[in-house]
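S.K.: Provided below: start-v6.csv, containing CSV, C-alpha atoms and all ligand atoms.
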```csv
chain,number,residue,atom,x,y,z
A,299,MET,CA,0.7,19.8,-13.1
A,300,SER,CA,-0.7,18.5,-9.9
A,301,PHE,CA,1.3,16.0,-7.8
A,302,VAL,CA,-1.7,13.7,-6.8
A,303,THR,CA,-4.6,13.4,-9.2
A,304,VAL,CA,-7.7,11.5,-8.2
A,305,GLU,CA,-10.0,11.1,-11.2
A,306,ASN,CA,-13.5,10.0,-10.9
A,307,ILE,CA,-13.0,7.3,-8.3
A,308,PHE,CA,-15.7,4.9,-7.4
A,309,GLN,CA,-15.2,2.2,-4.8
A,310,SER,CA,-17.8,-0.5,-3.8
A,311,TYR,CA,-17.6,-3.4,-1.5
A,312,GLY,CA,-19.7,-6.1,-3.1
A,313,ARG,CA,-22.8,-4.2,-4.3
A,314,ARG,CA,-22.5,-1.5,-1.7
A,315,PRO,CA,-21.1,1.8,-3.0
A,316,ILE,CA,-18.8,3.5,-0.5
A,317,LEU,CA,-17.2,6.3,-2.7
A,318,GLU,CA,-18.5,7.7,-5.9
A,319,ARG,CA,-17.2,10.3,-8.4
A,320,VAL,CA,-14.3,11.4,-6.1
A,321,ASN,CA,-12.1,14.0,-7.9
A,322,LEU,CA,-9.2,15.8,-6.3
A,323,THR,CA,-6.0,17.4,-7.5
A,324,VAL,CA,-3.3,18.2,-4.9
A,325,ASP,CA,0.0,20.0,-5.4
A,326,GLU,CA,3.2,18.7,-3.9
A,327,GLY,CA,3.7,20.0,-0.4
A,328,GLU,CA,0.0,20.6,0.3
A,329,PHE,CA,-1.6,19.5,3.5
A,330,ILE,CA,-5.1,18.1,2.9
A,331,SER,CA,-7.3,17.5,6.0
A,332,ILE,CA,-10.1,15.0,5.4
A,333,VAL,CA,-13.3,15.2,7.5
A,334,GLY,CA,-16.7,13.5,7.2
A,335,ALA,CA,-19.2,11.4,9.0
A,336,SER,CA,-18.2,8.1,10.5
A,337,GLY,CA,-18.2,5.3,8.0
A,338,CYS,CA,-18.4,7.5,4.9
A,339,GLY,CA,-15.2,6.2,3.4
A,340,LYS,CA,-12.3,8.4,4.6
A,341,SER,CA,-10.1,5.5,5.5
A,342,THR,CA,-11.1,3.7,2.3
A,343,PHE,CA,-9.8,6.8,0.4
A,344,LEU,CA,-6.5,6.6,2.2
A,345,ARG,CA,-6.2,2.9,1.4
A,346,LEU,CA,-6.8,3.7,-2.3
A,347,LEU,CA,-4.0,6.3,-2.1
A,348,LEU,CA,-1.8,3.6,-0.6
A,349,ALA,CA,-2.8,1.3,-3.4
A,350,GLN,CA,-3.8,-1.3,-0.7
A,351,GLU,CA,-7.0,-1.5,-2.7
A,352,GLN,CA,-7.8,-0.8,-6.3
A,353,PRO,CA,-10.8,1.4,-7.1
A,354,SER,CA,-13.8,-0.1,-8.7
A,355,ARG,CA,-13.6,2.7,-11.3
A,356,GLY,CA,-11.4,5.7,-11.9
A,357,GLU,CA,-7.8,6.4,-11.6
A,358,ILE,CA,-5.2,7.7,-9.1
A,359,ARG,CA,-1.9,9.1,-10.2
A,360,ILE,CA,1.0,10.2,-8.1
A,361,ALA,CA,3.7,12.1,-9.9
A,362,ASP,CA,2.0,11.1,-13.1
A,363,ALA,CA,2.2,7.4,-12.5
A,364,PRO,CA,-0.2,4.9,-10.8
A,365,PRO,CA,0.7,4.4,-7.1
A,366,ALA,CA,2.9,1.3,-6.7
A,367,ALA,CA,1.0,-1.6,-5.0
A,368,GLU,CA,3.9,-2.8,-2.9
A,369,PRO,CA,5.0,-0.9,0.1
A,370,GLY,CA,7.3,1.8,-1.2
A,371,LEU,CA,9.5,4.6,-0.1
A,372,ASP,CA,7.2,7.3,-1.4
A,373,ARG,CA,4.2,6.9,1.0
A,374,GLY,CA,4.3,6.6,4.8
A,375,VAL,CA,1.3,6.0,6.9
A,376,VAL,CA,0.3,6.5,10.6
A,377,PHE,CA,-2.8,5.2,12.2
A,378,GLN,CA,-4.6,6.1,15.3
A,379,LYS,CA,-3.4,3.0,17.1
A,380,TYR,CA,0.3,3.1,17.5
A,381,SER,CA,1.8,1.0,14.8
A,382,VAL,CA,5.2,0.6,16.4
A,383,PHE,CA,6.8,-2.7,17.1
A,384,PRO,CA,6.7,-3.5,20.9
A,385,HIS,CA,9.7,-5.9,20.8
A,386,LEU,CA,12.1,-3.3,19.2
A,387,THR,CA,13.7,-0.4,20.9
A,388,VAL,CA,12.7,3.1,19.9
A,389,ARG,CA,15.8,3.4,17.6
A,390,ASP,CA,15.3,0.0,16.0
A,391,ASN,CA,11.7,0.9,15.3
A,392,VAL,CA,12.9,3.9,13.2
A,393,VAL,CA,15.5,1.7,11.5
A,394,ALA,CA,12.7,-0.9,10.8
A,395,GLY,CA,10.5,1.9,9.4
A,396,GLU,CA,13.1,2.4,6.7
A,397,SER,CA,14.2,-1.2,6.1
A,398,PHE,CA,10.7,-2.8,5.9
A,399,ARG,CA,9.9,-0.5,3.1
A,400,ARG,CA,12.8,-1.8,1.0
A,401,ARG,CA,12.5,-4.9,-1.0
A,402,TRP,CA,15.3,-6.7,0.7
A,403,GLY,CA,13.7,-6.1,4.1
A,404,TYR,CA,16.6,-5.4,6.5
A,405,PHE,CA,20.0,-3.8,6.7
A,406,THR,CA,23.3,-5.4,7.4
A,407,GLY,CA,26.9,-4.1,7.8
A,408,ALA,CA,27.6,-0.6,6.5
A,409,ALA,CA,24.0,-0.2,5.3
A,410,ARG,CA,22.8,-0.8,8.9
A,411,ARG,CA,25.3,1.6,10.4
A,412,ASP,CA,24.0,4.3,7.9
A,413,ALA,CA,20.4,3.4,8.8
A,414,ILE,CA,21.2,3.8,12.5
A,415,ARG,CA,22.8,7.2,11.8
A,416,ARG,CA,19.7,8.3,9.9
A,417,ALA,CA,17.5,6.9,12.7
A,418,ASN,CA,19.4,9.0,15.2
A,419,GLU,CA,18.8,12.1,13.1
A,420,THR,CA,15.1,11.2,12.9
A,421,LEU,CA,15.0,10.7,16.7
A,422,ALA,CA,16.6,14.1,17.2
A,423,ARG,CA,14.0,15.7,15.0
A,424,ILE,CA,11.1,14.1,16.8
A,425,GLY,CA,12.6,14.7,20.2
A,426,LEU,CA,13.1,11.1,21.2
A,427,SER,CA,16.9,10.8,21.3
A,428,ASN,CA,16.9,10.5,25.1
A,429,VAL,CA,14.7,7.3,24.9
A,430,ALA,CA,16.3,5.7,21.9
A,431,ASP,CA,17.3,2.5,23.7
A,432,GLN,CA,14.0,2.1,25.5
A,433,TYR,CA,11.1,0.0,24.4
A,434,PRO,CA,7.8,1.6,23.3
A,435,ALA,CA,5.8,0.4,26.3
A,436,THR,CA,7.9,2.7,28.5
A,437,LEU,CA,6.8,5.8,26.5
A,438,SER,CA,3.7,8.0,26.9
A,439,GLY,CA,1.0,7.9,24.3
A,440,GLY,CA,2.2,11.1,22.7
A,441,MET,CA,5.8,9.8,22.5
A,442,GLN,CA,4.6,6.6,21.0
A,443,GLN,CA,2.7,8.5,18.3
A,444,ARG,CA,5.7,10.7,17.7
A,445,LEU,CA,7.7,7.5,17.2
A,446,ALA,CA,5.0,6.1,14.8
A,447,ILE,CA,5.4,9.3,12.8
A,448,GLY,CA,9.2,9.1,12.9
A,449,GLN,CA,8.9,5.5,11.7
A,450,ALA,CA,6.8,6.6,8.8
A,451,LEU,CA,9.2,9.5,8.1
A,452,ALA,CA,12.3,7.3,8.2
A,453,ALA,CA,12.0,6.4,4.5
A,454,LYS,CA,11.6,10.1,3.7
A,455,PRO,CA,8.2,9.6,2.0
A,456,ARG,CA,7.0,12.2,-0.4
A,457,ILE,CA,3.5,11.6,0.9
A,458,LEU,CA,2.4,11.1,4.5
A,459,LEU,CA,-1.0,9.6,5.2
A,460,LEU,CA,-2.3,10.1,8.7
A,461,ASP,CA,-5.5,8.3,9.8
A,462,GLU,CA,-6.8,10.1,12.9
A,463,PRO,CA,-3.2,10.2,14.2
A,464,PHE,CA,-4.0,12.2,17.3
A,465,GLY,CA,-7.4,10.7,18.1
A,466,ALA,CA,-6.3,8.7,21.1
A,467,LEU,CA,-4.2,11.5,22.7
A,468,ASP,CA,-5.4,13.9,25.4
A,469,PRO,CA,-5.8,17.5,24.5
A,470,GLY,CA,-2.5,18.8,25.8
A,471,ILE,CA,-0.4,16.2,24.0
A,472,ARG,CA,-2.5,16.8,21.0
A,473,LEU,CA,-1.5,20.4,20.9
A,474,GLN,CA,2.1,19.4,21.2
A,475,MET,CA,1.7,17.1,18.3
A,476,HIS,CA,0.2,19.9,16.2
A,477,GLY,CA,3.3,21.9,16.9
A,478,PHE,CA,5.5,18.9,16.0
A,479,LEU,CA,3.7,18.3,12.7
A,480,THR,CA,3.8,22.0,11.8
A,481,ASP,CA,7.6,22.1,12.5
A,482,LEU,CA,8.1,19.0,10.4
A,483,ARG,CA,6.2,20.5,7.5
A,484,ALA,CA,8.4,23.5,7.6
A,485,GLU,CA,11.4,21.3,7.3
A,486,THR,CA,10.2,19.0,4.5
A,487,ASN,CA,8.1,19.4,1.3
A,488,MET,CA,5.9,16.4,2.2
A,489,THR,CA,2.4,16.2,0.9
A,490,VAL,CA,0.1,15.2,3.7
A,491,PHE,CA,-3.4,13.7,3.8
A,492,MET,CA,-4.8,13.6,7.3
A,493,VAL,CA,-8.2,12.1,8.3
A,494,THR,CA,-9.5,13.8,11.4
A,495,HIS,CA,-12.8,14.0,13.3
A,496,ASP,CA,-11.8,17.3,14.7
A,497,LEU,CA,-12.8,20.1,12.4
A,498,ALA,CA,-10.7,22.7,14.3
A,499,GLU,CA,-7.6,20.5,14.0
A,500,GLY,CA,-8.3,20.1,10.3
A,501,PHE,CA,-8.4,23.8,9.7
A,502,LYS,CA,-5.5,24.5,11.9
A,503,LEU,CA,-3.1,22.1,10.2
A,504,GLY,CA,-4.5,21.8,6.7
A,505,ASP,CA,-4.0,24.0,3.7
A,506,ARG,CA,-7.3,22.6,2.5
A,507,VAL,CA,-10.1,20.8,4.3
A,508,VAL,CA,-12.1,18.4,2.1
A,509,VAL,CA,-15.4,17.1,3.3
A,510,PHE,CA,-16.6,13.6,2.4
A,511,ASP,CA,-20.4,13.3,2.4
A,512,LYS,CA,-23.3,11.6,0.6
A,513,PRO,CA,-24.7,14.2,-1.7
A,514,ARG,CA,-27.6,11.8,-2.6
A,515,TRP,CA,-29.5,10.1,0.1
A,516,ASP,CA,-32.3,7.6,0.1
A,517,PRO,CA,-34.1,7.6,3.5
A,518,THR,CA,-35.5,4.1,2.9
A,519,ASP,CA,-32.1,2.7,2.2
A,520,PRO,CA,-29.0,4.7,3.3
A,521,ASP,CA,-26.6,2.4,1.4
A,522,PRO,CA,-27.4,2.7,-2.3
A,523,TYR,CA,-25.2,5.8,-2.8
A,524,GLY,CA,-21.6,6.4,-2.0
A,525,ALA,CA,-19.9,9.5,-0.5
A,526,THR,CA,-17.9,12.0,-2.4
A,527,ILE,CA,-16.1,15.3,-1.8
A,528,THR,CA,-18.9,17.8,-1.2
A,529,TYR,CA,-16.7,20.8,0.0
A,530,ASP,CA,-13.2,21.8,-0.6
A,531,PHE,CA,-12.2,24.6,1.8
A,532,ASP,CA,-9.1,26.7,1.5
A,533,ALA,CA,-7.8,27.0,5.0
A,534,ARG,CA,-4.6,29.1,4.3
A,535,ASP,CA,-3.9,32.6,5.4
A,536,GLY,CA,-5.2,31.8,8.9
A,537,GLY,CA,-8.9,31.8,7.9
A,538,ILE,CA,-11.3,30.6,5.3
A,539,PRO,CA,-10.9,32.9,2.3
A,540,PHE,CA,-13.4,31.0,0.3
A,541,GLN,CA,-15.5,28.0,0.5
A,542,ARG,CA,-16.3,26.5,-2.8
A,543,ILE,CA,-19.2,24.2,-3.3
A,544,GLN,CA,-18.2,21.8,-6.0
A,545,GLU,CA,-21.2,22.3,-8.1
A,546,GLU,CA,-20.4,19.6,-10.5
A,547,ILE,CA,-20.7,17.0,-7.8
A,548,HIS,CA,-24.3,17.8,-7.4
A,549,ALA,CA,-25.0,17.6,-11.1
A,550,VAL,CA,-26.5,14.4,-12.4
A,551,HIS,CA,-23.9,12.5,-14.3
A,552,PRO,CA,-24.5,9.5,-16.5
A,553,ALA,CA,-23.4,6.3,-14.7
B,1,LIG,N1,-12.8,-4.4,3.1
B,1,LIG,C1,-14.1,-4.0,3.3
B,1,LIG,N2,-15.1,-4.8,3.0
B,1,LIG,C2,-16.4,-4.4,3.1
B,1,LIG,N3,-16.8,-3.2,3.7
B,1,LIG,C3,-15.8,-2.4,4.1
B,1,LIG,C4,-14.4,-2.7,3.9
B,1,LIG,N4,-13.7,-1.7,4.4
B,1,LIG,C5,-14.5,-0.8,4.8
B,1,LIG,N5,-15.8,-1.2,4.6
B,1,LIG,C6,-17.0,-0.4,4.9
B,1,LIG,O1,-16.9,0.8,4.2
B,1,LIG,C7,-17.5,1.9,4.9
B,1,LIG,C8,-16.4,3.0,5.0
B,1,LIG,O2,-15.4,2.6,5.8
B,1,LIG,P1,-14.2,3.6,6.2
B,1,LIG,O3,-13.4,2.9,7.3
B,1,LIG,O4,-13.5,4.0,5.0
B,1,LIG,O5,-15.0,4.8,6.8
B,1,LIG,P2,-14.4,6.1,7.6
B,1,LIG,O6,-15.1,7.3,7.0
B,1,LIG,O7,-13.0,6.1,7.7
B,1,LIG,O8,-15.0,5.8,9.0
B,1,LIG,P3,-14.6,6.3,10.5
B,1,LIG,O9,-14.6,7.7,10.5
B,1,LIG,O10,-15.6,5.6,11.4
B,1,LIG,O11,-13.2,5.7,10.7
B,1,LIG,C9,-17.9,1.3,6.3
B,1,LIG,O12,-19.2,1.1,6.3
B,1,LIG,C10,-17.1,0.0,6.4
B,1,LIG,O13,-17.8,-0.9,7.1
```
Would you mind writing the file's structure down as structure tokens?

M.R.:
Amino acid sequence: MSFVTVENIFQSYGRRPILERVNLTVDEGEFISIVGASGCGKSTFLRLLLAQEQPSRGEIRIADAPPAAEPGLDRGVVFQKYSVFPHLTVRDNVVAGESFRRRWGYFTGAARRDAIRRANETLARIGLSNVADQYPATLSGGMQQRLAIGQALAAKPRILLLDEPFGALDPGIRLQMHGFLTDLRAETNMTVFMVTHDLAEGFKLGDRVVVFDKPRWDPTDPDPYGATITYDFDARDGGIPFQRIQEEIHAVHPA
């Protein structure tokens, strides 16, 4: 049974359809890269996975249950703009990453000491132990983004959602981050969804690359149709063993 099931999702804002007939099944541990034209609904799709929004139609199931609407321990998220807290030290940012996802909000006493120990482990894993007591503003862009990922990982999520996480980094740092993410995946069985504008990055890191696009297009009004998954590439084995056009997407379905 698949770990994440997306079944016939439609999402509209007002009368404007953004996504339509989105279907996807993902096994636990798979890395899904998401590419597509600007504004076609990739971030919207991530917000649906986070349950920050409810779909207009259709259903998402994670481990055979609807995703919880409140921030949970099962999903971590990292955006392009560093989502770290500037007034907290690097270590406290990681502690906060775990504590803010819990209902009671923050740790005290022994729970805090345990959280600090776990934060130190996370910092070692992301290579930031030596700057644990510094504030984020003193770190480079790559280090800040590593911290943002460490913060998201602090709660040991089963799913990591990355929205153009490396978009603001220069090419050298980006390469380092690719190595970092690849190592992390080797250590955990996280399922990852990563939105990227860089196709090469998508194929390099992803097991699968899914493409969001509008299969139907009205030149007189570009907005009446939403985007869907038009391609689902298998990127494993260092190449593209197959590319499967999802024929059913192009078939006319009753509304
Ligand atoms: N809350 C909202 N209310 C109304 N429209 C929205 C809302 N959120 C997103 N949109 C619109 O939905 C469309 C899809 O936005 P989204 O950010 O998901 O696209 P995207 O593919 O991630 O774009 P980009 O690649 O540029 O980040 C955009 O036209 C955006 O303006």

S.K.: Could you jot down the atom CA of A:Ser310 to atom CA of A:Thr528 separation for me, Å, one decimal place?

M.R.: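 Calculated distance between atom CA of A:Ser310 and atom CA of A:Thr528 is 18.5 Å.
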
S.K.: Tell me which protein, DNA and RNA residues are within 10 Å of A:Thr489, counting all atoms listed in the file, leaving out same-chain ones fewer than 5 positions away, and put them as a list of chain:residue names.

M.R.: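 Surrounding residues, per the criterion: A:Phe301, A:Val302, A:Val324, A:Asp325, A:Glu326, A:Gly327, A:Glu328, A:Phe329, A:Ile330, A:Arg373, A:Pro455, A:Arg456, A:Ile457, A:Leu458, A:Leu459, A:Arg483.
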
S.K.: Could I get the residue neighbourhood of ligand LIG 1 (chain B) at 7 Å, counting only C-alpha atoms and all ligand atoms, as a list in words?

M.R.: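 Those residues are Tyr311, Ile316, Gly334, Ala335, Ser336, Gly337, Cys338, Gly339, Lys340, Ser341, Thr342 and Phe343 of chain A.
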
S.K.: Can you tell me, as a PDB file with C-alpha atoms, keeping the file's coordinate frame, what residues are no more than 12 Å from A:Pro469 when counting all atoms listed in the file, ignoring any on the same chain fewer than 5 positions away?

M.R.:
```pdb
ATOM      1  CA  GLY A 439       1.000   7.900  24.300  1.00  0.00           C
ATOM      2  CA  GLY A 440       2.200  11.100  22.700  1.00  0.00           C
ATOM      3  CA  PHE A 464      -4.000  12.200  17.300  1.00  0.00           C
ATOM      4  CA  GLN A 474       2.100  19.400  21.200  1.00  0.00           C
ATOM      5  CA  MET A 475       1.700  17.100  18.300  1.00  0.00           C
ATOM      6  CA  HIS A 476       0.200  19.900  16.200  1.00  0.00           C
ATOM      7  CA  ASP A 496     -11.800  17.300  14.700  1.00  0.00           C
ATOM      8  CA  GLU A 499      -7.600  20.500  14.000  1.00  0.00           C
TER       9      GLU A 499
END
```

S.K.: Restricting the calculation to only C-alpha atoms: of A:Thr303, A:Ser331, A:Thr486, A:Gln442, which residue gets closest to A:Pro364?

M.R.: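 Ranked by minimum distance to A:Pro364, first place goes to A:Thr303.
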
S.K.: Determine, for each residue of stretch 442-494 of chain A having at least one atom at most 8 Å from an atom of stretch 404-426 of chain A, the closest pair of atoms and their separation in Å to one decimal, counting only C-alpha atoms; order by chain and ascending number, as JSON lines.

M.R.:
```
{"residue": "A:Arg444", "atom": "CA", "partner": "A:Ile424", "partner_atom": "CA", "distance": 6.4}
{"residue": "A:Leu445", "atom": "CA", "partner": "A:Ile424", "partner_atom": "CA", "distance": 7.4}
{"residue": "A:Gly448", "atom": "CA", "partner": "A:Thr420", "partner_atom": "CA", "distance": 6.3}
{"residue": "A:Leu451", "atom": "CA", "partner": "A:Thr420", "partner_atom": "CA", "distance": 7.8}
{"residue": "A:Ala452", "atom": "CA", "partner": "A:Thr420", "partner_atom": "CA", "distance": 6.7}
{"residue": "A:Phe478", "atom": "CA", "partner": "A:Ile424", "partner_atom": "CA", "distance": 7.4}
```

S.K.: Filtering to C-alpha atoms, could you give me those residues as a tab-separated table (two decimals), in the frame of the given file?

M.R.:
```
chain	number	residue	atom	x	y	z
A	444	ARG	CA	5.70	10.70	17.70
A	445	LEU	CA	7.70	7.50	17.20
A	448	GLY	CA	9.20	9.10	12.90
A	451	LEU	CA	9.20	9.50	8.10
A	452	ALA	CA	12.30	7.30	8.20
A	478	PHE	CA	5.50	18.90	16.00
```

S.K.: Figure out the distance between atom CA of A:Met492 and atom CA of A:Met441, please, to one decimal in Å.

M.R.: 18.9 Å

S.K.: Compare A:Arg359, A:Lys454, A:Lys502, A:Arg389 by their minimum atom-to-atom distance to A:Asn428, counting all atoms listed in the file, and give me the closest one.

M.R.: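 For A:Asn428, the nearest of the candidates is A:Arg389.
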
S.K.: Rounded to one decimal place, report the atom CA of A:Phe377-atom CA of A:Arg514 distance in Å.

M.R.: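 Straight-line distance from atom CA of A:Phe377 to atom CA of A:Arg514 works out to 29.6 Å.
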
S.K.: Can you list, as a list in words, every protein, DNA or RNA residue that comes within 6 Å of stretch 347-351 of chain A when you count all atoms listed in the file, leaving out same-chain residues fewer than 2 positions away?

M.R.: Leu344, Arg345, Pro365 and Ala367 of chain A

S.K.: Would you please work out which residue, of A:Gln443, A:Thr494, A:Ser427, A:Thr436, is nearest to A:Leu467 when using all atoms listed in the file?

M.R.: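 Of A:Gln443, A:Thr494, A:Ser427, A:Thr436, the one nearest A:Leu467, counting all atoms listed in the file, is A:Gln443.
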
S.K.: Determine the nearest neighbour of A:Ala446 from the options A:Arg314, A:Lys379, A:Arg319, A:Arg355, counting all atoms listed in the file.

M.R.: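 With all atoms listed in the file as the atom set, the closest residue is A:Lys379.
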
S.K.: Ranking A:Asp505, A:Asp390, A:Asp516, A:Asp461 by minimum distance to A:Asp530 and counting all atoms listed in the file, which one comes first?

M.R.: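 Closest candidate: A:Asp505.
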
S.K.: Please produce stretch 331-347 of chain A, completed to N, CA and C atoms, as a PDB file, in the frame of the given file.

M.R.:
```pdb
ATOM      1  N   SER A 331      -6.559  18.108   4.856  1.00  0.00           N
ATOM      2  CA  SER A 331      -7.300  17.500   6.000  1.00  0.00           C
ATOM      3  C   SER A 331      -8.586  16.902   5.387  1.00  0.00           C
ATOM      4  N   ILE A 332      -8.942  15.728   5.878  1.00  0.00           N
ATOM      5  CA  ILE A 332     -10.100  15.000   5.400  1.00  0.00           C
ATOM      6  C   ILE A 332     -11.093  14.833   6.546  1.00  0.00           C
ATOM      7  N   VAL A 333     -12.298  15.365   6.414  1.00  0.00           N
ATOM      8  CA  VAL A 333     -13.300  15.200   7.500  1.00  0.00           C
ATOM      9  C   VAL A 333     -14.555  14.605   6.843  1.00  0.00           C
ATOM     10  N   GLY A 334     -15.426  14.090   7.704  1.00  0.00           N
ATOM     11  CA  GLY A 334     -16.700  13.500   7.200  1.00  0.00           C
ATOM     12  C   GLY A 334     -17.247  12.569   8.236  1.00  0.00           C
ATOM     13  N   ALA A 335     -18.520  12.234   8.055  1.00  0.00           N
ATOM     14  CA  ALA A 335     -19.200  11.400   9.000  1.00  0.00           C
ATOM     15  C   ALA A 335     -18.536  10.028   9.138  1.00  0.00           C
ATOM     16  N   SER A 336     -18.735   9.417  10.293  1.00  0.00           N
ATOM     17  CA  SER A 336     -18.200   8.100  10.500  1.00  0.00           C
ATOM     18  C   SER A 336     -18.685   7.112   9.475  1.00  0.00           C
ATOM     19  N   GLY A 337     -17.782   6.343   8.910  1.00  0.00           N
ATOM     20  CA  GLY A 337     -18.200   5.300   8.000  1.00  0.00           C
ATOM     21  C   GLY A 337     -18.407   5.777   6.552  1.00  0.00           C
ATOM     22  N   CYS A 338     -18.071   7.049   6.252  1.00  0.00           N
ATOM     23  CA  CYS A 338     -18.400   7.500   4.900  1.00  0.00           C
ATOM     24  C   CYS A 338     -17.241   7.238   3.910  1.00  0.00           C
ATOM     25  N   GLY A 339     -16.174   6.611   4.358  1.00  0.00           N
ATOM     26  CA  GLY A 339     -15.200   6.200   3.400  1.00  0.00           C
ATOM     27  C   GLY A 339     -13.850   6.892   3.408  1.00  0.00           C
ATOM     28  N   LYS A 340     -13.575   7.607   4.504  1.00  0.00           N
ATOM     29  CA  LYS A 340     -12.300   8.400   4.600  1.00  0.00           C
ATOM     30  C   LYS A 340     -11.098   7.437   4.589  1.00  0.00           C
ATOM     31  N   SER A 341     -11.183   6.402   5.431  1.00  0.00           N
ATOM     32  CA  SER A 341     -10.100   5.500   5.500  1.00  0.00           C
ATOM     33  C   SER A 341      -9.941   4.680   4.195  1.00  0.00           C
ATOM     34  N   THR A 342     -11.081   4.397   3.598  1.00  0.00           N
ATOM     35  CA  THR A 342     -11.100   3.700   2.300  1.00  0.00           C
ATOM     36  C   THR A 342     -10.305   4.558   1.291  1.00  0.00           C
ATOM     37  N   PHE A 343     -10.537   5.867   1.320  1.00  0.00           N
ATOM     38  CA  PHE A 343      -9.800   6.800   0.400  1.00  0.00           C
ATOM     39  C   PHE A 343      -8.327   6.712   0.640  1.00  0.00           C
ATOM     40  N   LEU A 344      -7.912   6.679   1.918  1.00  0.00           N
ATOM     41  CA  LEU A 344      -6.500   6.600   2.200  1.00  0.00           C
ATOM     42  C   LEU A 344      -5.911   5.253   1.685  1.00  0.00           C
ATOM     43  N   ARG A 345      -6.685   4.168   1.864  1.00  0.00           N
ATOM     44  CA  ARG A 345      -6.200   2.900   1.400  1.00  0.00           C
ATOM     45  C   ARG A 345      -6.045   2.878  -0.154  1.00  0.00           C
ATOM     46  N   LEU A 346      -6.902   3.621  -0.831  1.00  0.00           N
ATOM     47  CA  LEU A 346      -6.800   3.700  -2.300  1.00  0.00           C
ATOM     48  C   LEU A 346      -5.489   4.521  -2.641  1.00  0.00           C
ATOM     49  N   LEU A 347      -5.208   5.574  -1.860  1.00  0.00           N
ATOM     50  CA  LEU A 347      -4.000   6.300  -2.100  1.00  0.00           C
ATOM     51  C   LEU A 347      -2.748   5.472  -1.851  1.00  0.00           C
TER      52      LEU A 347
END
```
